[in-house]
$ cat protein.cif   # mmCIF, C-alpha atoms
data_data
#
loop_
_atom_site.label_atom_id
_atom_site.label_comp_id
_atom_site.auth_asym_id
_atom_site.auth_seq_id
_atom_site.Cartn_x
_atom_site.Cartn_y
_atom_site.Cartn_z
CA MET A 1 -39.86 -51.52 6.34
CA SER A 2 -41.02 -48.07 7.37
CA ASP A 3 -39.05 -48.43 10.60
CA LEU A 4 -35.94 -49.05 8.60
CA GLU A 5 -36.58 -45.97 6.47
CA ASP A 6 -37.11 -43.92 9.61
CA LEU A 7 -33.84 -45.13 11.09
CA LYS A 8 -32.07 -44.30 7.84
CA THR A 9 -33.23 -40.68 7.85
CA ARG A 10 -32.42 -40.26 11.52
CA LEU A 11 -28.95 -41.67 10.94
CA LYS A 12 -28.47 -39.27 8.06
CA ILE A 13 -29.47 -36.27 10.18
CA ALA A 14 -27.19 -37.30 13.04
CA LYS A 15 -24.27 -37.81 10.66
CA SER A 16 -24.70 -34.42 9.05
CA LYS A 17 -24.88 -32.79 12.47
CA LEU A 18 -21.62 -34.46 13.49
CA LYS A 19 -19.96 -33.31 10.28
CA ASN A 20 -21.06 -29.70 10.81
CA LYS A 21 -19.68 -29.71 14.33
CA GLN A 22 -16.30 -31.03 13.20
CA SER A 23 -15.88 -28.46 10.45
CA GLU A 24 -16.91 -25.68 12.85
CA ASN A 25 -14.28 -26.80 15.36
CA SER A 26 -11.51 -26.82 12.76
CA THR A 27 -12.36 -23.29 11.54
CA LYS A 28 -12.42 -22.10 15.15
CA LYS A 29 -8.96 -23.56 15.71
CA GLY A 30 -7.74 -21.63 12.69
CA ILE A 31 -9.21 -18.42 14.04
CA PHE A 32 -7.40 -18.90 17.37
CA LEU A 33 -4.11 -19.39 15.57
CA GLY A 34 -4.79 -16.22 13.59
CA ASN A 35 -5.40 -14.34 16.81
CA ALA A 36 -2.13 -15.62 18.23
CA PHE A 37 -0.27 -14.22 15.20
CA LYS A 38 -2.07 -10.92 15.70
CA LEU A 39 -0.98 -10.15 19.26
CA GLY A 40 2.79 -10.14 18.77
CA THR A 41 2.96 -7.49 16.06
CA GLU A 42 0.31 -5.38 17.79
CA LEU A 43 2.72 -4.65 20.67
CA VAL A 44 5.82 -4.05 18.55
CA ALA A 45 4.10 -1.78 16.01
CA ALA A 46 2.86 0.69 18.63
CA VAL A 47 6.29 0.93 20.26
CA GLY A 48 7.86 1.54 16.85
CA VAL A 49 5.32 4.19 15.88
CA GLY A 50 5.70 5.97 19.23
CA THR A 51 9.48 6.04 18.94
CA ILE A 52 9.35 7.36 15.37
CA ILE A 53 6.94 10.14 16.38
CA GLY A 54 9.30 11.05 19.24
CA PHE A 55 12.24 11.11 16.85
CA ILE A 56 10.45 13.41 14.38
CA LEU A 57 9.28 15.79 17.12
CA ASP A 58 12.81 15.87 18.57
CA ASN A 59 14.17 16.95 15.19
CA TRP A 60 11.54 19.68 14.97
CA PHE A 61 12.00 21.19 18.40
CA GLY A 62 15.68 20.37 18.84
CA THR A 63 15.19 18.65 22.21
CA LYS A 64 17.25 15.68 21.16
CA PRO A 65 16.94 12.89 23.70
CA LEU A 66 13.92 14.05 25.69
CA LEU A 67 10.87 13.54 23.47
CA ILE A 68 12.10 10.26 22.00
CA ILE A 69 12.24 8.80 25.52
CA ILE A 70 8.80 10.13 26.44
CA PHE A 71 7.20 8.90 23.22
CA PHE A 72 8.91 5.53 23.53
CA LEU A 73 7.13 5.15 26.87
CA PHE A 74 3.85 6.36 25.37
CA GLY A 75 4.29 3.87 22.54
CA SER A 76 4.87 1.03 24.98
CA VAL A 77 1.70 1.96 26.84
CA ALA A 78 -0.22 2.11 23.56
CA GLY A 79 1.17 -1.31 22.60
CA ILE A 80 0.10 -2.87 25.88
CA LEU A 81 -3.31 -1.23 25.45
CA ASN A 82 -3.58 -2.70 21.95
CA VAL A 83 -2.76 -6.21 23.17
CA PHE A 84 -5.11 -5.82 26.12
CA ARG A 85 -7.96 -4.76 23.85
CA ALA A 86 -7.32 -7.53 21.34
CA ALA A 87 -7.25 -10.13 24.13
CA LYS A 88 -10.44 -8.73 25.62
CA LYS A 89 -12.13 -8.91 22.24
CA MET A 90 -11.09 -12.54 21.84
CA GLN A 91 -12.57 -13.34 25.23
CA ASN A 92 -15.84 -11.63 24.31
CA ASP A 93 -15.99 -13.49 21.00
CA ARG A 94 -15.56 -16.85 22.73
CA ASN A 95 -18.42 -16.28 25.15
CA MET B 1 24.84 -22.98 -0.37
CA ALA B 2 22.22 -20.95 -2.22
CA ASN B 3 21.49 -17.52 -0.84
CA PRO B 4 18.13 -17.70 1.00
CA MET B 5 17.37 -14.04 0.30
CA HIS B 6 17.89 -14.34 -3.44
CA GLN B 7 14.24 -15.33 -3.96
CA PHE B 8 13.09 -11.88 -2.82
CA GLN B 9 15.02 -9.95 -5.48
CA VAL B 10 12.92 -7.82 -7.78
CA HIS B 11 14.25 -7.64 -11.33
CA LYS B 12 13.00 -6.03 -14.51
CA ILE B 13 11.34 -8.01 -17.25
CA GLY B 14 11.49 -6.40 -20.65
CA PRO B 15 12.36 -2.77 -21.43
CA LYS B 16 12.75 0.04 -18.93
CA ILE B 17 9.68 2.27 -18.75
CA GLU B 18 10.15 5.66 -17.15
CA ILE B 19 7.41 8.28 -16.85
CA SER B 20 8.44 11.70 -15.49
CA GLY B 21 11.33 10.31 -13.48
CA ILE B 22 9.40 7.42 -11.92
CA ASP B 23 10.57 3.93 -12.83
CA LEU B 24 7.47 2.02 -13.93
CA SER B 25 9.18 -0.99 -15.51
CA PHE B 26 7.45 -4.35 -15.57
CA THR B 27 9.10 -6.54 -12.92
CA ASN B 28 8.73 -10.11 -11.71
CA ALA B 29 6.58 -8.71 -8.88
CA SER B 30 4.20 -7.16 -11.40
CA LEU B 31 4.18 -10.43 -13.35
CA PHE B 32 3.11 -12.46 -10.34
CA MET B 33 0.50 -9.89 -9.33
CA LEU B 34 -0.90 -10.12 -12.83
CA PHE B 35 -0.70 -13.90 -12.60
CA SER B 36 -2.71 -14.01 -9.37
CA GLY B 37 -5.23 -11.58 -10.81
CA ILE B 38 -5.72 -13.83 -13.83
CA THR B 39 -5.98 -16.95 -11.62
CA ILE B 40 -8.70 -15.34 -9.47
CA THR B 41 -10.61 -14.16 -12.51
CA LEU B 42 -10.43 -17.59 -14.12
CA ILE B 43 -11.55 -19.45 -10.98
CA LEU B 44 -14.45 -17.10 -10.29
CA PHE B 45 -15.42 -16.91 -13.96
CA LEU B 46 -15.50 -20.68 -14.34
CA GLY B 47 -17.23 -21.01 -10.99
CA THR B 48 -20.07 -18.68 -11.83
CA ARG B 49 -20.47 -19.56 -15.51
CA GLU B 50 -23.01 -22.33 -15.00
CA LYS B 51 -25.41 -21.56 -12.21
CA LYS B 52 -26.58 -25.06 -11.36
CA LEU B 53 -28.85 -25.93 -8.48
CA ILE B 54 -26.47 -28.71 -7.50
CA PRO B 55 -23.07 -27.02 -7.80
CA GLY B 56 -20.03 -28.54 -9.41
CA LYS B 57 -16.56 -28.31 -7.85
CA MET B 58 -15.72 -24.87 -9.23
CA GLN B 59 -19.11 -23.40 -8.40
CA LEU B 60 -18.95 -24.87 -4.90
CA MET B 61 -15.54 -23.31 -4.34
CA SER B 62 -16.60 -19.82 -5.38
CA GLU B 63 -19.84 -20.06 -3.43
CA MET B 64 -17.96 -21.17 -0.33
CA LEU B 65 -15.56 -18.26 -0.69
CA TYR B 66 -18.47 -15.87 -1.00
CA ASN B 67 -20.22 -17.31 2.04
CA PHE B 68 -17.03 -17.30 4.09
CA ILE B 69 -16.34 -13.61 3.51
CA SER B 70 -19.98 -12.62 3.81
CA LYS B 71 -20.24 -14.37 7.19
CA MET B 72 -16.99 -12.83 8.38
CA ILE B 73 -18.17 -9.31 7.53
CA SER B 74 -21.58 -9.71 9.17
CA ASP B 75 -19.98 -11.28 12.28
CA THR B 76 -17.35 -8.60 12.82
CA ALA B 77 -18.68 -5.39 11.28
CA GLY B 78 -22.45 -5.86 11.26
CA LYS B 79 -25.04 -5.05 8.63
CA LYS B 80 -23.76 -1.53 7.96
CA ALA B 81 -20.59 -2.94 6.41
CA LYS B 82 -22.42 -4.87 3.68
CA PRO B 83 -21.72 -2.23 0.98
CA TYR B 84 -17.98 -2.80 1.51
CA PHE B 85 -18.24 -6.50 0.71
CA PRO B 86 -16.68 -6.18 -2.79
CA PHE B 87 -13.63 -4.39 -1.41
CA ILE B 88 -12.98 -6.87 1.39
CA PHE B 89 -13.65 -9.84 -0.88
CA SER B 90 -11.16 -8.58 -3.48
CA LEU B 91 -8.61 -7.78 -0.80
CA PHE B 92 -8.86 -11.22 0.81
CA ILE B 93 -8.83 -13.19 -2.40
CA PHE B 94 -5.96 -11.20 -3.91
CA ILE B 95 -3.75 -11.65 -0.84
CA LEU B 96 -4.72 -15.32 -0.65
CA ALA B 97 -3.88 -15.86 -4.32
CA CYS B 98 -0.54 -14.02 -3.98
CA ASN B 99 0.38 -16.07 -0.90
CA MET B 100 -0.65 -19.37 -2.46
CA ILE B 101 1.07 -18.72 -5.78
CA GLY B 102 4.16 -17.84 -3.76
CA MET B 103 4.12 -21.39 -2.40
CA LEU B 104 4.76 -22.85 -5.88
CA PRO B 105 8.41 -23.63 -6.61
CA TYR B 106 10.31 -21.02 -8.66
CA SER B 107 7.61 -18.43 -8.05
CA PHE B 108 7.84 -15.02 -6.44
CA THR B 109 5.87 -14.06 -3.32
CA VAL B 110 4.52 -10.57 -3.85
CA THR B 111 3.34 -10.20 -0.25
CA SER B 112 6.86 -10.81 1.12
CA HIS B 113 7.71 -7.21 0.23
CA ILE B 114 6.82 -4.56 2.78
CA ILE B 115 6.08 -1.96 0.11
CA VAL B 116 3.22 -4.10 -1.21
CA THR B 117 1.67 -4.84 2.19
CA LEU B 118 2.22 -1.28 3.42
CA THR B 119 0.42 0.06 0.37
CA PHE B 120 -2.55 -2.19 1.14
CA ALA B 121 -2.52 -1.20 4.80
CA LEU B 122 -2.16 2.54 4.19
CA PHE B 123 -4.94 2.42 1.62
CA ILE B 124 -7.22 0.77 4.19
CA PHE B 125 -6.10 3.12 6.96
CA VAL B 126 -6.69 6.30 4.96
CA GLY B 127 -9.95 4.97 3.53
CA VAL B 128 -11.33 3.95 6.92
CA THR B 129 -10.35 7.31 8.46
CA ILE B 130 -12.07 9.24 5.67
CA LEU B 131 -15.11 6.97 6.01
CA GLY B 132 -15.23 7.64 9.74
CA PHE B 133 -15.17 11.40 9.20
CA ILE B 134 -17.84 11.14 6.48
CA THR B 135 -20.24 9.08 8.60
CA HIS B 136 -19.68 10.85 11.94
CA GLY B 137 -18.20 14.24 11.10
CA PHE B 138 -15.91 15.65 13.77
CA LYS B 139 -17.50 13.33 16.32
CA TYR B 140 -15.18 10.68 14.89
CA LEU B 141 -12.39 12.30 16.93
CA LYS B 142 -14.15 10.88 19.97
CA ILE B 143 -12.31 7.59 19.44
CA PHE B 144 -9.24 9.39 20.80
CA VAL B 145 -11.16 10.43 23.92
CA PRO B 146 -12.45 7.39 25.82
CA SER B 147 -15.46 8.10 27.99
CA GLY B 148 -15.07 8.28 31.75
CA VAL B 149 -11.48 9.53 31.81
CA PRO B 150 -10.58 12.25 34.36
CA LEU B 151 -9.73 15.60 32.79
CA VAL B 152 -6.20 15.55 34.21
CA LEU B 153 -5.34 12.32 32.44
CA LEU B 154 -7.02 13.27 29.16
CA PRO B 155 -3.97 14.70 27.32
CA ILE B 156 -1.88 11.62 28.12
CA ILE B 157 -4.64 9.17 27.22
CA SER B 158 -5.33 10.99 23.96
CA VAL B 159 -1.69 10.79 22.92
CA ILE B 160 -1.67 7.08 23.71
CA GLU B 161 -4.88 6.55 21.74
CA ILE B 162 -3.48 8.45 18.77
CA ILE B 163 -0.31 6.34 18.79
CA SER B 164 -2.46 3.22 19.07
CA TYR B 165 -4.53 4.37 16.08
CA LEU B 166 -1.45 5.21 14.01
CA SER B 167 0.09 1.82 14.77
CA ARG B 168 -2.73 0.04 12.91
CA PRO B 169 -1.30 0.18 9.37
CA VAL B 170 2.17 -0.66 10.68
CA SER B 171 1.05 -3.78 12.53
CA LEU B 172 -1.21 -4.79 9.65
CA SER B 173 1.53 -4.56 7.03
CA VAL B 174 4.44 -5.83 9.13
CA ARG B 175 2.48 -8.93 10.18
CA LEU B 176 1.78 -10.09 6.64
CA PHE B 177 5.22 -9.17 5.28
CA ALA B 178 7.17 -10.69 8.19
CA ASN B 179 5.23 -13.94 8.19
CA MET B 180 5.61 -14.49 4.46
CA MET B 181 9.26 -13.49 4.33
CA ALA B 182 10.27 -15.52 7.41
CA GLY B 183 8.46 -18.60 6.14
CA HIS B 184 10.01 -18.49 2.70
CA THR B 185 13.50 -17.79 4.05
CA MET B 186 13.19 -20.74 6.42
CA LEU B 187 12.04 -23.04 3.61
CA LYS B 188 15.01 -22.00 1.51
CA VAL B 189 17.47 -22.46 4.39
CA PHE B 190 16.24 -25.99 5.04
CA GLY B 191 16.28 -26.68 1.32
CA GLY B 192 19.90 -25.56 1.25
CA PHE B 193 20.72 -27.94 4.12
CA VAL B 194 19.32 -30.84 2.11
CA VAL B 195 21.70 -30.09 -0.74
CA SER B 196 24.80 -29.50 1.39
CA LEU B 197 24.30 -32.52 3.66
CA GLY B 198 23.78 -34.79 0.67
CA LEU B 199 22.40 -38.33 0.53
CA ILE B 200 23.46 -39.35 4.05
CA GLY B 201 22.40 -36.45 6.24
CA GLY B 202 19.91 -34.72 3.99
CA TRP B 203 16.86 -36.70 5.02
CA LEU B 204 16.27 -34.88 8.29
CA PRO B 205 16.13 -31.34 6.81
CA LEU B 206 14.08 -32.76 3.92
CA SER B 207 11.42 -34.01 6.34
CA PHE B 208 11.49 -30.62 8.07
CA SER B 209 11.03 -28.98 4.69
CA VAL B 210 7.96 -31.08 3.95
CA ALA B 211 6.42 -30.23 7.34
CA LEU B 212 7.27 -26.55 6.91
CA THR B 213 5.62 -26.46 3.50
CA GLY B 214 2.39 -27.64 5.10
CA LEU B 215 2.73 -25.03 7.82
CA GLU B 216 3.45 -22.33 5.26
CA ILE B 217 0.28 -23.14 3.32
CA LEU B 218 -1.67 -22.77 6.57
CA VAL B 219 0.10 -19.48 7.32
CA ALA B 220 -0.58 -18.22 3.79
CA PHE B 221 -4.28 -18.74 4.31
CA LEU B 222 -4.33 -17.45 7.88
CA GLN B 223 -2.49 -14.24 7.08
CA ALA B 224 -4.92 -13.41 4.30
CA TYR B 225 -7.74 -14.16 6.72
CA VAL B 226 -6.25 -12.03 9.52
CA PHE B 227 -5.67 -9.15 7.11
CA ALA B 228 -9.28 -9.25 5.96
CA ILE B 229 -10.76 -9.65 9.44
CA LEU B 230 -8.72 -6.74 10.80
CA THR B 231 -9.94 -4.60 7.92
CA CYS B 232 -13.48 -5.55 8.99
CA ILE B 233 -12.72 -4.61 12.60
CA TYR B 234 -11.34 -1.21 11.58
CA LEU B 235 -14.35 -0.70 9.33
CA ASN B 236 -16.58 -1.53 12.28
CA ASP B 237 -14.81 1.08 14.43
CA ALA B 238 -15.37 3.69 11.73
CA LEU B 239 -19.02 2.81 11.09
CA ASN B 240 -20.22 2.23 14.66
CA LEU B 241 -18.68 4.57 17.21
CA HIS B 242 -18.80 2.95 20.63
CA HIS B 243 -15.82 4.09 22.60
#
$ encode --input "protein.cif" --output "structure tokens"
Amino acid sequence: MSDLEDLKTRLKIAKSKLKNKQSENSTKKGIFLGNAFKLGTELVAAVGVGTIIGFILDNWFGTKPLLIIIFFLFGSVAGILNVFRAAKKMQNDRN
Amino acid sequence: MANPMHQFQVHKIGPKIEISGIDLSFTNASLFMLFSGITITLILFLGTREKKLIPGKMQLMSEMLYNFISKMISDTAGKKAKPYFPFIFSLFIFILACNMIGMLPYSFTVTSHIIVTLTFALFIFVGVTILGFITHGFKYLKIFVPSGVPLVLLPIISVIEIISYLSRPVSLSVRLFANMMAGHTMLKVFGGFVVSLGLIGGWLPLSFSVALTGLEILVAFLQAYVFAILTCIYLNDALNLHH
């Protein structure tokens, strides 16, 4: 009888372990999907912000097309940097 | 076919209220914000009313929410961010409630308006910047100067870092707004197809609509989660300088 009780408790522990693992996996999947949503806008936002800064500075100094081009390039670099950092962070989190 | 953008129209409810030239009328957006506020309060109030050792459904739900956010903050921003738990919890749960209430038929999605999400994001951005300056003083400007950069490249790198920093509220707000708006527009377009194709051809868009509704509920949760976790990451950058 005691053997049976023992088996019962062990079965219970194993089952709860399995359950925990499954729920952990599903939350992790959700987090990955969230990260995927994150990357796209990260790139676009920096390019947009850079271009707008260039546009404002151009209006200030009256150097119409020059600064907007330069800041567009800066914005693109910043966007790529953002994505690079986010991706690096994801990799660190996984390890 | 019904206009898919009609659902995003803000209209006044009740009389026009104007204070010193600013239109402060009560709109359907305000109504649904109030509605989500009341829903959150009710759920959390009912959940924490009876503090049983073995929790009921409501208590379990509010405890799980608490644990979820608490774990997220300690994972991403560390122990120093604990005092900001109430802010992040309210932010997450309010966005989640707005997104989820937006999924109900005939309702209005508050977060599908860029002015709402941009206000959230700018509030966080300004708050985090002030916090960074309070905790680190002018050393906080170091985040624009990465270590180990040659002096020649420093002006260029700093400009890039500043643009990258300024792009935070934009990406934060545009992500939430674009996801909610695109999802709801798509649902409406497929819903319109069901009506115009009728009994014979309407089944295919209807099945798409059902699948999309499931996806949208997932997106509604995920976007609230991403918004909160990014706030934690920005908070972490302000509290622990490590560039």
$ resolve_selection --input "protein.cif" --expression "the PyMOL selection byres ((chain B) within 10 of (chain A))" --output "PyMOL selection string"
chain B and resi 75-76+156-157+159-176+178-179+218-219+221-227+229-230
$ residues_around --input "protein.cif" --residues "region 77-86 of chain B" --least-positions-apart "3" --cutoff "8 Å" --atoms "all atoms listed in the file" --output "list in words"
Ile69, Ser70, Ile73, Ser74, Phe89, Ser90, Cys232, Ile233, Leu235, Asn236 and Leu239 of chain B
$ atom_distance --input "protein.cif" --atom1 "CA of Gly183 (chain B)" --atom2 "CA of Thr109 (chain B)"
10.8 Å
$ residues_around --input "protein.cif" --residues "Ile124 (chain B)" --least-positions-apart "2" --cutoff "9 Å" --atoms "only C-alpha atoms" --output "PyMOL selection string"
chain B and resi 119-122+126-129+169+231+234-235
$ atom_distance --input "protein.cif" --atom1 "CA of Asn67 (chain B)" --atom2 "CA of Met180 (chain B)"
26.1 Å
$ atom_distance --input "protein.cif" --atom1 "CA of Thr41 (chain B)" --atom2 "CA of Leu65 (chain B)"
13.5 Å
$ residues_around --input "protein.cif" --residues "Val189 (chain B)" --least-positions-apart "6" --cutoff "10 Å" --atoms "all atoms listed in the file" --output "number ranges by chain"
B: 1-5, 183, 205, 209
$ write_last_selection --input "protein.cif" --atoms "C-alpha atoms" --output "PDB file, in the frame of the given file"
ATOM      1  CA  MET B   1      24.840 -22.980  -0.370  1.00  0.00           C
ATOM      2  CA  ALA B   2      22.220 -20.950  -2.220  1.00  0.00           C
ATOM      3  CA  ASN B   3      21.490 -17.520  -0.840  1.00  0.00           C
ATOM      4  CA  PRO B   4      18.130 -17.700   1.000  1.00  0.00           C
ATOM      5  CA  MET B   5      17.370 -14.040   0.300  1.00  0.00           C
ATOM      6  CA  GLY B 183       8.460 -18.600   6.140  1.00  0.00           C
ATOM      7  CA  PRO B 205      16.130 -31.340   6.810  1.00  0.00           C
ATOM      8  CA  SER B 209      11.030 -28.980   4.690  1.00  0.00           C
TER       9      SER B 209
END
$ closest_residue --input "protein.cif" --among "B:Ala29, B:Leu44, B:Leu118, B:Ile200" --to "Lys12 (chain B)" --atoms "only C-alpha atoms"
B:Ala29
$ residues_near_point --input "protein.cif" --point "(7.0, -10.2, -5.1)" --cutoff "10 Å" --atoms "all atoms listed in the file" --output "short mmCIF file (atom, residue, chain, number, x, y, z; two decimals) with C-alpha atoms, in the coordinates of the input"
data_model
loop_
_atom_site.label_atom_id
_atom_site.label_comp_id
_atom_site.auth_asym_id
_atom_site.auth_seq_id
_atom_site.Cartn_x
_atom_site.Cartn_y
_atom_site.Cartn_z
CA GLN B 7 14.24 -15.33 -3.96
CA PHE B 8 13.09 -11.88 -2.82
CA GLN B 9 15.02 -9.95 -5.48
CA VAL B 10 12.92 -7.82 -7.78
CA HIS B 11 14.25 -7.64 -11.33
CA THR B 27 9.10 -6.54 -12.92
CA ASN B 28 8.73 -10.11 -11.71
CA ALA B 29 6.58 -8.71 -8.88
CA SER B 30 4.20 -7.16 -11.40
CA LEU B 31 4.18 -10.43 -13.35
CA PHE B 32 3.11 -12.46 -10.34
CA MET B 33 0.50 -9.89 -9.33
CA CYS B 98 -0.54 -14.02 -3.98
CA ASN B 99 0.38 -16.07 -0.90
CA GLY B 102 4.16 -17.84 -3.76
CA SER B 107 7.61 -18.43 -8.05
CA PHE B 108 7.84 -15.02 -6.44
CA THR B 109 5.87 -14.06 -3.32
CA VAL B 110 4.52 -10.57 -3.85
CA THR B 111 3.34 -10.20 -0.25
CA SER B 112 6.86 -10.81 1.12
CA HIS B 113 7.71 -7.21 0.23
CA ILE B 114 6.82 -4.56 2.78
CA ILE B 115 6.08 -1.96 0.11
CA VAL B 116 3.22 -4.10 -1.21
#
$ residues_around --input "protein.cif" --residues "Ile68 (chain A)" --least-positions-apart "6" --cutoff "7 Å" --atoms "all atoms listed in the file" --output "PyMOL selection string"
chain A and resi 51+54-55+58
$ write_last_selection --input "protein.cif" --atoms "C-alpha atoms" --output "CSV table (one decimal), in the frame of the given file"
chain,number,residue,atom,x,y,z
A,51,THR,CA,9.5,6.0,18.9
A,54,GLY,CA,9.3,11.0,19.2
A,55,PHE,CA,12.2,11.1,16.8
A,58,ASP,CA,12.8,15.9,18.6
$ resolve_selection --input "protein.cif" --expression "the PyMOL selection byres ((chain B and resi 47) around 9)" --output "PDB file with C-alpha atoms, in the coordinates of the input"
ATOM      1  CA  LEU B  42     -10.430 -17.590 -14.120  1.00  0.00           C
ATOM      2  CA  ILE B  43     -11.550 -19.450 -10.980  1.00  0.00           C
ATOM      3  CA  LEU B  44     -14.450 -17.100 -10.290  1.00  0.00           C
ATOM      4  CA  PHE B  45     -15.420 -16.910 -13.960  1.00  0.00           C
ATOM      5  CA  LEU B  46     -15.500 -20.680 -14.340  1.00  0.00           C
ATOM      6  CA  THR B  48     -20.070 -18.680 -11.830  1.00  0.00           C
ATOM      7  CA  ARG B  49     -20.470 -19.560 -15.510  1.00  0.00           C
ATOM      8  CA  GLU B  50     -23.010 -22.330 -15.000  1.00  0.00           C
ATOM      9  CA  LYS B  51     -25.410 -21.560 -12.210  1.00  0.00           C
ATOM     10  CA  PRO B  55     -23.070 -27.020  -7.800  1.00  0.00           C
ATOM     11  CA  GLY B  56     -20.030 -28.540  -9.410  1.00  0.00           C
ATOM     12  CA  LYS B  57     -16.560 -28.310  -7.850  1.00  0.00           C
ATOM     13  CA  MET B  58     -15.720 -24.870  -9.230  1.00  0.00           C
ATOM     14  CA  GLN B  59     -19.110 -23.400  -8.400  1.00  0.00           C
ATOM     15  CA  LEU B  60     -18.950 -24.870  -4.900  1.00  0.00           C
ATOM     16  CA  MET B  61     -15.540 -23.310  -4.340  1.00  0.00           C
ATOM     17  CA  SER B  62     -16.600 -19.820  -5.380  1.00  0.00           C
ATOM     18  CA  GLU B  63     -19.840 -20.060  -3.430  1.00  0.00           C
TER      19      GLU B  63
END
